[in-house]
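Structure below is run-v1.cif: mmCIF, C-alpha atoms.
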data_input
#
loop_
_atom_site.label_atom_id
_atom_site.label_comp_id
_atom_site.auth_asym_id
_atom_site.auth_seq_id
_atom_site.Cartn_x
_atom_site.Cartn_y
_atom_site.Cartn_z
CA MET Y 1 1.49 45.77 -3.56
CA HIS Y 2 2.66 44.49 -0.20
CA GLU Y 3 5.32 47.17 0.35
CA MET Y 4 3.10 48.90 2.92
CA GLY Y 5 3.10 45.79 5.10
CA ILE Y 6 6.85 45.47 4.66
CA ALA Y 7 7.38 49.13 5.66
CA ALA Y 8 5.25 48.55 8.77
CA SER Y 9 7.32 45.47 9.67
CA VAL Y 10 10.54 47.49 9.26
CA LEU Y 11 9.25 50.12 11.68
CA ASP Y 12 8.12 47.39 14.13
CA ILE Y 13 11.66 45.99 14.18
CA VAL Y 14 13.26 49.44 14.60
CA ARG Y 15 10.94 50.10 17.57
CA GLN Y 16 12.37 47.04 19.32
CA TYR Y 17 15.88 48.51 19.18
CA VAL Y 18 15.29 52.25 19.52
CA PRO Y 19 12.88 53.32 22.28
CA GLU Y 20 10.51 56.19 21.51
CA ALA Y 21 12.54 58.57 23.70
CA GLN Y 22 15.47 58.14 21.33
CA ALA Y 23 13.36 58.03 18.18
CA PRO Y 24 13.99 61.67 17.12
CA LEU Y 25 17.71 60.83 16.95
CA VAL Y 26 17.23 58.26 14.20
CA ARG Y 27 18.69 59.55 10.96
CA ARG Y 28 18.85 56.43 8.83
CA VAL Y 29 17.39 52.95 8.72
CA THR Y 30 19.26 50.62 6.36
CA VAL Y 31 17.28 47.85 4.76
CA ARG Y 32 18.91 45.14 2.65
CA VAL Y 33 16.85 44.20 -0.39
CA GLY Y 34 17.79 41.33 -2.68
CA GLU Y 35 17.28 41.66 -6.41
CA LEU Y 36 14.80 38.75 -6.24
CA ALA Y 37 12.98 39.73 -3.05
CA GLY Y 38 10.01 40.93 -5.09
CA VAL Y 39 10.15 44.35 -3.50
CA GLN Y 40 9.82 47.56 -5.46
CA THR Y 41 12.36 49.82 -3.78
CA ASP Y 42 10.73 53.12 -4.85
CA SER Y 43 7.43 51.89 -3.51
CA LEU Y 44 9.07 50.76 -0.26
CA ARG Y 45 10.65 54.23 0.20
CA PHE Y 46 7.29 55.89 -0.38
CA CYS Y 47 5.51 53.55 2.05
CA PHE Y 48 8.18 53.95 4.73
CA GLU Y 49 7.88 57.74 4.56
CA ALA Y 50 4.12 57.42 4.90
CA ILE Y 51 4.32 55.01 7.81
CA VAL Y 52 6.80 57.03 9.94
CA ALA Y 53 5.03 60.35 9.29
CA GLY Y 54 3.43 61.60 12.48
CA THR Y 55 5.36 59.12 14.64
CA PRO Y 56 8.43 59.91 16.79
CA TYR Y 57 10.45 58.09 14.11
CA GLN Y 58 9.64 60.56 11.31
CA SER Y 59 13.21 61.88 11.07
CA ALA Y 60 14.36 58.46 9.85
CA ALA Y 61 15.35 58.19 6.21
CA LEU Y 62 15.24 54.81 4.55
CA ALA Y 63 18.50 53.66 2.96
CA ILE Y 64 18.37 50.63 0.70
CA GLU Y 65 21.31 48.31 0.23
CA TYR Y 66 20.64 46.40 -2.96
CA ILE Y 67 21.94 42.82 -3.14
CA ALA Y 68 22.54 41.27 -6.55
CA ALA Y 69 21.33 37.76 -7.31
CA VAL Y 70 23.98 35.04 -6.93
CA ARG Y 71 24.09 31.62 -8.54
CA ALA Y 72 26.14 28.61 -7.48
CA CYS Y 73 27.21 26.07 -10.08
CA ARG Y 74 26.30 22.51 -9.08
CA GLN Y 75 29.07 21.07 -11.28
CA CYS Y 76 32.12 23.06 -10.16
CA GLU Y 77 30.78 25.05 -7.16
CA THR Y 78 31.73 28.45 -8.64
CA GLU Y 79 29.53 31.31 -7.38
CA PHE Y 80 28.67 34.15 -9.74
CA ALA Y 81 26.31 37.13 -9.87
CA SER Y 82 23.41 36.70 -12.26
CA ALA Y 83 19.68 37.18 -12.10
CA ALA Y 84 19.34 36.04 -15.72
CA LEU Y 85 17.11 33.04 -16.29
CA LEU Y 86 19.49 31.31 -18.68
CA ALA Y 87 22.76 31.86 -16.85
CA THR Y 88 25.64 29.49 -17.52
CA CYS Y 89 28.61 29.07 -15.20
CA PRO Y 90 31.49 31.32 -16.30
CA ALA Y 91 33.99 28.70 -15.08
CA CYS Y 92 32.71 25.46 -16.61
CA GLY Y 93 29.80 26.48 -18.84
CA SER Y 94 27.23 24.34 -17.01
CA ALA Y 95 23.63 25.57 -17.03
CA ASP Y 96 22.98 23.76 -13.74
CA ALA Y 97 23.52 26.78 -11.50
CA PRO Y 98 20.54 27.55 -9.25
CA LEU Y 99 20.11 30.84 -7.44
CA VAL Y 100 21.53 30.86 -3.92
CA GLY Y 101 21.31 34.56 -3.01
CA GLY Y 102 19.36 37.66 -3.91
CA SER Y 103 16.13 37.09 -2.01
CA GLU Y 104 17.33 38.91 1.13
CA LEU Y 105 14.96 41.26 2.90
CA SER Y 106 16.29 42.42 6.25
CA VAL Y 107 16.79 45.42 8.49
CA ALA Y 108 20.58 45.86 8.66
CA GLU Y 109 21.17 48.81 10.97
CA VAL Y 110 19.95 52.12 12.35
CA GLU Y 111 22.06 55.26 12.58
CA LEU Y 112 21.41 57.64 15.45
CA ASP Y 113 22.62 61.23 15.72
CA ASP Y 114 23.41 61.41 19.42
CA GLU Y 115 25.65 64.48 19.02
CA HIS Y 116 22.88 67.00 18.30
CA ASP Y 117 19.66 67.68 20.18
CA SER Y 118 16.31 68.04 18.46
CA ALA Y 119 16.96 71.77 17.85
CA GLY Y 120 20.18 70.93 15.97
CA GLN Y 121 22.44 72.17 18.78
CA VAL Y 122 25.60 70.25 19.65
CA MET Y 123 24.97 68.34 22.86
CA PRO Y 124 27.44 68.70 25.71
CA MET M 1 26.66 59.43 15.18
CA SER M 2 26.24 55.94 16.48
CA VAL M 3 25.08 52.85 14.67
CA VAL M 4 22.85 50.13 16.07
CA THR M 5 23.32 46.83 14.25
CA ILE M 6 20.02 45.02 13.82
CA GLU M 7 20.34 42.30 11.14
CA ARG M 8 16.82 40.97 11.38
CA LYS M 9 14.65 39.61 8.58
CA VAL M 10 11.78 41.95 7.76
CA LEU M 11 9.29 39.09 7.49
CA GLU M 12 10.61 37.29 10.58
CA LYS M 13 7.25 37.62 12.35
CA ASN M 14 5.49 35.84 9.49
CA ASP M 15 8.31 33.29 9.27
CA ALA M 16 8.07 32.56 13.02
CA LEU M 17 4.29 32.07 12.81
CA ALA M 18 4.75 29.87 9.73
CA ALA M 19 7.23 27.73 11.68
CA GLN M 20 4.62 27.35 14.46
CA ASN M 21 2.00 26.30 11.89
CA ARG M 22 4.43 23.81 10.32
CA LYS M 23 5.21 22.23 13.69
CA ARG M 24 1.51 21.91 14.48
CA PHE M 25 0.77 20.34 11.08
CA GLN M 26 3.65 17.88 11.53
CA GLU M 27 2.41 16.89 14.99
CA HIS M 28 -0.91 15.96 13.41
CA GLY M 29 0.79 14.01 10.61
CA LEU M 30 -0.85 16.31 8.08
CA PHE M 31 0.32 16.84 4.51
CA VAL M 32 -0.23 20.55 3.78
CA PHE M 33 0.10 22.22 0.43
CA ASN M 34 -0.29 25.86 -0.54
CA LEU M 35 -2.03 26.13 -3.92
CA VAL M 36 -1.15 29.30 -5.82
CA SER M 37 -1.98 30.66 -9.26
CA SER M 38 -3.42 33.70 -10.98
CA PRO M 39 -7.23 34.09 -10.81
CA GLY M 40 -9.13 31.68 -13.01
CA SER M 41 -6.44 29.04 -13.57
CA GLY M 42 -8.64 26.37 -12.00
CA LYS M 43 -7.51 26.05 -8.38
CA THR M 44 -11.00 25.46 -7.04
CA SER M 45 -11.93 23.13 -9.90
CA LEU M 46 -8.81 21.06 -9.21
CA LEU M 47 -9.77 20.90 -5.55
CA GLU M 48 -13.29 19.76 -6.35
CA ARG M 49 -11.99 16.98 -8.62
CA THR M 50 -9.30 15.95 -6.14
CA ILE M 51 -11.71 15.78 -3.20
CA ALA M 52 -14.20 13.74 -5.24
CA ALA M 53 -11.49 11.34 -6.45
CA LEU M 54 -9.96 10.77 -3.01
CA ASN M 55 -13.30 10.52 -1.21
CA GLY M 56 -13.16 7.68 1.33
CA GLN M 57 -9.37 7.27 0.94
CA VAL M 58 -7.85 10.55 2.13
CA ARG M 59 -9.47 12.95 4.59
CA ILE M 60 -9.07 16.45 3.13
CA GLY M 61 -9.64 19.82 4.79
CA VAL M 62 -9.51 23.16 3.01
CA ILE M 63 -8.61 26.75 3.90
CA GLU M 64 -9.96 29.05 1.19
CA GLY M 65 -8.28 32.44 0.78
CA ASP M 66 -10.14 35.12 -1.15
CA VAL M 67 -10.16 38.88 -1.37
CA GLN M 68 -13.96 38.91 -1.06
CA THR M 69 -16.88 36.44 -0.81
CA ASP M 70 -17.10 32.84 0.37
CA LEU M 71 -18.12 31.53 -3.07
CA ASP M 72 -15.18 29.11 -3.23
CA ALA M 73 -15.86 27.77 0.26
CA GLN M 74 -19.47 27.13 -0.77
CA ARG M 75 -18.30 25.21 -3.84
CA VAL M 76 -15.89 23.05 -1.83
CA ALA M 77 -18.32 22.48 1.09
CA LYS M 78 -20.72 20.75 -1.32
CA TYR M 79 -18.26 17.85 -1.37
CA GLY M 80 -18.73 17.31 2.36
CA VAL M 81 -15.26 18.31 3.49
CA PRO M 82 -14.45 20.73 6.32
CA VAL M 83 -13.65 24.17 4.90
CA VAL M 84 -12.79 27.53 6.44
CA GLN M 85 -13.05 30.70 4.38
CA VAL M 86 -10.51 33.47 4.99
CA VAL M 87 -11.51 36.81 3.47
CA THR M 88 -8.52 39.14 3.23
CA ASN M 89 -10.61 42.26 2.53
CA GLY M 90 -8.43 43.50 -0.28
CA ALA M 91 -5.08 42.07 0.75
CA CYS M 92 -3.29 40.32 -2.10
CA HIS M 93 -2.00 37.23 -0.27
CA LEU M 94 -2.50 35.01 2.79
CA GLU M 95 -0.16 35.35 5.77
CA ALA M 96 0.83 32.75 8.36
CA GLN M 97 -1.27 34.35 11.11
CA LEU M 98 -4.49 34.07 9.06
CA VAL M 99 -3.73 30.44 8.23
CA GLY M 100 -2.96 29.61 11.87
CA ASP M 101 -6.27 31.15 12.97
CA ALA M 102 -8.17 29.33 10.23
CA ALA M 103 -6.51 26.00 11.10
CA SER M 104 -7.75 26.42 14.69
CA GLN M 105 -11.29 26.20 13.37
CA LEU M 106 -10.62 22.76 11.89
CA ASN M 107 -10.24 19.50 13.72
CA LEU M 108 -6.75 18.71 12.45
CA ALA M 109 -6.67 15.30 14.13
CA ASP M 110 -9.43 14.18 11.73
CA LEU M 111 -7.51 15.15 8.58
CA ASP M 112 -4.79 13.63 6.39
CA VAL M 113 -4.36 16.51 3.96
CA LEU M 114 -4.88 20.25 4.39
CA VAL M 115 -5.09 22.37 1.26
CA ILE M 116 -4.56 26.11 1.50
CA GLU M 117 -6.03 27.75 -1.59
CA ASN M 118 -4.25 31.10 -1.74
CA VAL M 119 -5.62 34.36 -3.14
CA GLY M 120 -5.45 34.33 -6.95
CA ASN M 121 -2.23 36.23 -7.58
CA LEU M 122 1.01 35.12 -9.21
CA VAL M 123 3.16 37.73 -7.43
CA CYS M 124 2.63 38.47 -3.75
CA PRO M 125 1.94 34.99 -2.26
CA ALA M 126 5.45 33.87 -3.36
CA GLY M 127 7.17 35.62 -0.46
CA PHE M 128 4.93 34.51 2.38
CA ASP M 129 5.57 31.15 4.04
CA LEU M 130 2.35 29.78 5.55
CA GLY M 131 3.81 26.66 7.17
CA GLU M 132 2.96 24.37 4.24
CA ALA M 133 5.08 21.37 3.25
CA VAL M 134 5.05 22.36 -0.42
CA LYS M 135 3.86 25.14 -2.69
CA VAL M 136 1.95 23.90 -5.72
CA VAL M 137 1.75 26.46 -8.50
CA MET M 138 -0.91 26.12 -11.17
CA LEU M 139 -0.77 27.67 -14.62
CA SER M 140 -3.44 27.24 -17.27
CA THR M 141 -2.71 26.96 -20.98
CA THR M 142 -4.82 30.05 -21.70
CA GLU M 143 -2.39 32.20 -19.72
CA GLY M 144 0.47 31.55 -22.17
CA ASP M 145 3.75 29.66 -22.06
CA ASP M 146 5.87 32.69 -21.05
CA LYS M 147 4.48 33.12 -17.52
CA PRO M 148 7.20 31.18 -15.67
CA LEU M 149 9.72 33.68 -17.08
CA LYS M 150 7.54 36.70 -16.27
CA TYR M 151 6.69 35.63 -12.70
CA PRO M 152 9.81 33.64 -11.73
CA ALA M 153 9.61 33.96 -7.94
CA MET M 154 6.44 31.87 -7.73
CA PHE M 155 7.88 29.10 -9.91
CA ARG M 156 11.21 29.19 -8.07
CA ASN M 157 9.56 28.76 -4.67
CA ALA M 158 7.19 25.99 -5.75
CA SER M 159 7.95 22.25 -5.78
CA VAL M 160 5.12 21.24 -8.09
CA LEU M 161 3.67 22.78 -11.27
CA ILE M 162 0.23 21.86 -12.53
CA VAL M 163 -0.41 22.86 -16.12
CA ASN M 164 -4.20 22.98 -16.28
CA LYS M 165 -6.71 23.25 -19.15
CA VAL M 166 -4.63 21.03 -21.44
CA ASP M 167 -7.88 20.20 -23.27
CA LEU M 168 -7.72 23.74 -24.70
CA LEU M 169 -4.25 23.34 -26.24
CA PRO M 170 -5.60 22.94 -29.81
CA TYR M 171 -7.35 26.31 -29.53
CA VAL M 172 -4.86 28.58 -27.74
CA PRO M 173 -1.41 29.86 -28.71
CA CYS M 174 0.39 27.99 -25.94
CA ASN M 175 3.31 25.67 -26.61
CA ILE M 176 3.29 23.26 -23.68
CA GLU M 177 6.87 22.13 -24.32
CA ALA M 178 8.04 25.77 -24.23
CA LEU M 179 6.00 26.30 -21.06
CA LYS M 180 7.67 23.35 -19.32
CA ARG M 181 11.11 24.40 -20.61
CA ASN M 182 10.57 27.94 -19.28
CA ALA M 183 9.42 26.59 -15.92
CA ARG M 184 12.48 24.33 -15.66
CA HIS M 185 14.82 27.21 -16.54
CA VAL M 186 13.52 28.96 -13.44
CA ASN M 187 13.36 25.82 -11.30
CA PRO M 188 15.00 22.63 -12.61
CA ASP M 189 13.57 20.55 -9.76
CA LEU M 190 9.86 21.20 -10.50
CA LEU M 191 7.59 18.16 -10.59
CA ILE M 192 5.10 18.80 -13.43
CA PHE M 193 1.54 17.48 -13.92
CA GLU M 194 -0.59 18.20 -16.99
CA THR M 195 -4.29 18.26 -16.21
CA SER M 196 -7.75 19.15 -17.42
CA CYS M 197 -10.55 19.53 -14.90
CA THR M 198 -13.04 19.30 -17.80
CA THR M 199 -11.89 16.00 -19.33
CA ASP M 200 -10.19 14.71 -16.12
CA ALA M 201 -6.95 14.18 -18.11
CA GLY M 202 -3.92 13.87 -15.85
CA LEU M 203 -5.97 13.97 -12.66
CA PRO M 204 -5.32 10.31 -11.65
CA ALA M 205 -1.54 10.96 -11.65
CA TRP M 206 -1.98 14.10 -9.55
CA CYS M 207 -4.34 12.36 -7.11
CA ASP M 208 -1.88 9.45 -6.78
CA TRP M 209 0.82 11.93 -5.86
CA VAL M 210 -1.38 13.55 -3.18
CA ARG M 211 -2.24 10.09 -1.79
CA GLN M 212 1.47 9.17 -1.70
CA GLN M 213 2.43 12.40 0.06
CA ALA M 214 -0.29 11.91 2.66
CA ALA M 215 0.89 8.34 3.29
CA THR M 216 4.54 9.44 3.59
CA VAL M 217 3.76 12.17 6.12
CA HIS M 218 1.50 9.85 8.12
CA ALA M 219 4.12 7.10 8.33
#
Before we go any further, please render this structure as structure tokens.
Amino acid sequence: MHEMGIAASVLDIVRQYVPEAQAPLVRRVTVRVGELAGVQTDSLRFCFEAIVAGTPYQSAALAIEYIAAVRACRQCETEFASAALLATCPACGSADAPLVGGSELSVAEVELDDEHDSAGQVMP
Amino acid sequence: MSVVTIERKVLEKNDALAAQNRKRFQEHGLFVFNLVSSPGSGKTSLLERTIAALNGQVRIGVIEGDVQTDLDAQRVAKYGVPVVQVVTNGACHLEAQLVGDAASQLNLADLDVLVIENVGNLVCPAGFDLGEAVKVVMLSTTEGDDKPLKYPAMFRNASVLIVNKVDLLPYVPCNIEALKRNARHVNPDLLIFETSCTTDAGLPAWCDWVRQQAATVHA
């Protein structure tokens, strides 16, 4: 249960890029979560909603970009998607293929609606 | 609509503090390991045995992480080593900031090895770098041989596995060969020790390894 701390860190990072004056324009915060990052995405969504509530950033919705686990074969260097524990390389059949991707946890981007004001009117 | 590209790691703050800790530990020629396991595997017992065995040869300091109480720190302090208790007040893991603050209460120049005993939890501590040189994961035979498959992140991020309570193998449904096979499926590079803190089986090999690591870092 460390999703609350992660949600707070996400908001901290967003604050560094979007000043409070612009905060109501934030529509979407995209977070990249690897299959092996140990993060429960439903729980992260819930915590993010809770953490932005009552702040100028409360209009931000959390979007999650899910990254599949990737293995790289040490025999033939083929990369393939697999989170399975007993994965064998589809190219050469070797079982010596450690995980090389899928533990990502990063804030990718923020989308701002700078065409409408806070009342939903089109800005000049 | 406009898009602001950010591309920053969520745990970058912890990672940056961990890097600071690591640099500080290296400057002092300290070998630091982060000891993780579920509650009751025998982390504190292993520490007690290790400190007693290396007494007079390797200067050990300890940071004890617990959700509540300083019971573990009291146990370790009886062996005459410097120990700092970190109480997380409910949090499920240690973070780099807490470890950095705790390390400031120790005289690092007087130590060869610093052990960080993490909060008993086989899930959350896996993702938080503390600035250690290696993660040592402990698993006891009473927990079952399937745990490396059920909690893979911890075994993947560790360099060393200690299988503890091997004296209980005749009495518990744990196949130690299956346990080691499962652990190596998750992490083929794991160095594995088999120990008992009751009979002292396997402890000399483990203590030799700690002594070697301390000597290597010091050199």
For this session: Check the smallest atom-to-atom distance from each of Y:Ala60, Y:Val26, Y:Ala68, Y:Val52 to chain M using only C-alpha atoms, then report the winner.
Result: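 Once distances to chain M are computed over only C-alpha atoms, the minimum belongs to Y:Val26.
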So which residues touch Glu7 in chain M within 12 Å, counting only C-alpha atoms, skipping near sequence neighbours fewer than 6 positions away, as an mmCIF file with C-alpha atoms, in the frame of the given file?
data_model
loop_
_atom_site.group_PDB
_atom_site.id
_atom_site.type_symbol
_atom_site.label_atom_id
_atom_site.label_comp_id
_atom_site.auth_asym_id
_atom_site.auth_seq_id
_atom_site.Cartn_x
_atom_site.Cartn_y
_atom_site.Cartn_z
ATOM 1 C CA VAL Y 10 10.540 47.490 9.260
ATOM 2 C CA ILE Y 13 11.660 45.990 14.180
ATOM 3 C CA VAL Y 14 13.260 49.440 14.600
ATOM 4 C CA TYR Y 17 15.880 48.510 19.180
ATOM 5 C CA VAL Y 29 17.390 52.950 8.720
ATOM 6 C CA THR Y 30 19.260 50.620 6.360
ATOM 7 C CA VAL Y 31 17.280 47.850 4.760
ATOM 8 C CA ARG Y 32 18.910 45.140 2.650
ATOM 9 C CA GLU Y 104 17.330 38.910 1.130
ATOM 10 C CA LEU Y 105 14.960 41.260 2.900
ATOM 11 C CA SER Y 106 16.290 42.420 6.250
ATOM 12 C CA VAL Y 107 16.790 45.420 8.490
ATOM 13 C CA ALA Y 108 20.580 45.860 8.660
ATOM 14 C CA GLU Y 109 21.170 48.810 10.970
ATOM 15 C CA VAL Y 110 19.950 52.120 12.350
#
Take the PyMOL selection byres ((chain M and resi 174) around 7), apply it to the structure above, and return the hits as a CSV table (one decimal) with C-alpha atoms, keeping the file's coordinate frame.
chain,number,residue,atom,x,y,z
M,141,THR,CA,-2.7,27.0,-21.0
M,144,GLY,CA,0.5,31.6,-22.2
M,145,ASP,CA,3.8,29.7,-22.1
M,169,LEU,CA,-4.2,23.3,-26.2
M,172,VAL,CA,-4.9,28.6,-27.7
M,173,PRO,CA,-1.4,29.9,-28.7
M,175,ASN,CA,3.3,25.7,-26.6
M,176,ILE,CA,3.3,23.3,-23.7
For this session: Name the residues in contact with range 86-92 of chain M at a cut-off of 12 Å, using only C-alpha atoms, excluding same-chain residues fewer than 2 positions from it; report them as a ChimeraX atom specification.
Result: /Y:1-5 /M:36,38-39,62-73,83-84,94-103,105,116-128
For this session: Can you give me, as a VMD selection string, the residues this file yields under the PyMOL selection byres ((chain Y and resi 96) around 9)?
Result: (chain Y and resid 72 to 75 87 to 89 93 to 95 97 to 98) or (chain M and resid 188)
For this session: Could you give me, as a VMD selection string, the residues that have an atom at most 12 Å away from the point (-11.4, 13.4, -13.6) in the coordinates of the file, using only C-alpha atoms?
Result: chain M and resid 45 to 54 195 to 207
For this session: Compile the residues of chain M that lie within 10 Å of chain Y, evaluated using only C-alpha atoms, and express the compilation as number ranges by chain.
Result: M: 1-14, 91-93, 123-127, 149, 151-153, 156, 182, 184-189
Exercise. Which protein, DNA or RNA residues are at most 10 Å from (6.9, 25.7, 4.9) in the file's coordinates when you count all atoms listed in the file, listed as a ChimeraX atom specification?
Worked result: /M:15,18-23,32-34,96,128-135
Exercise. Which polymer residues have any atom within 8 Å of an atom of Ala158 in chain M, counting only C-alpha atoms, with same-chain residues fewer than 2 positions away left out, as a list in words?
Worked result: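 Within the cut-off, the hits are Val134, Lys135, Val136, Val137, Met154, Phe155, Arg156, Val160, Leu161 and Leu190 of chain M.
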Problem set entry | Picked residues, the PyMOL selection byres ((chain Y and resi 56) around 6), as a list in words | Ala23, Pro24, Thr55, Tyr57 and Gln58 of chain Y
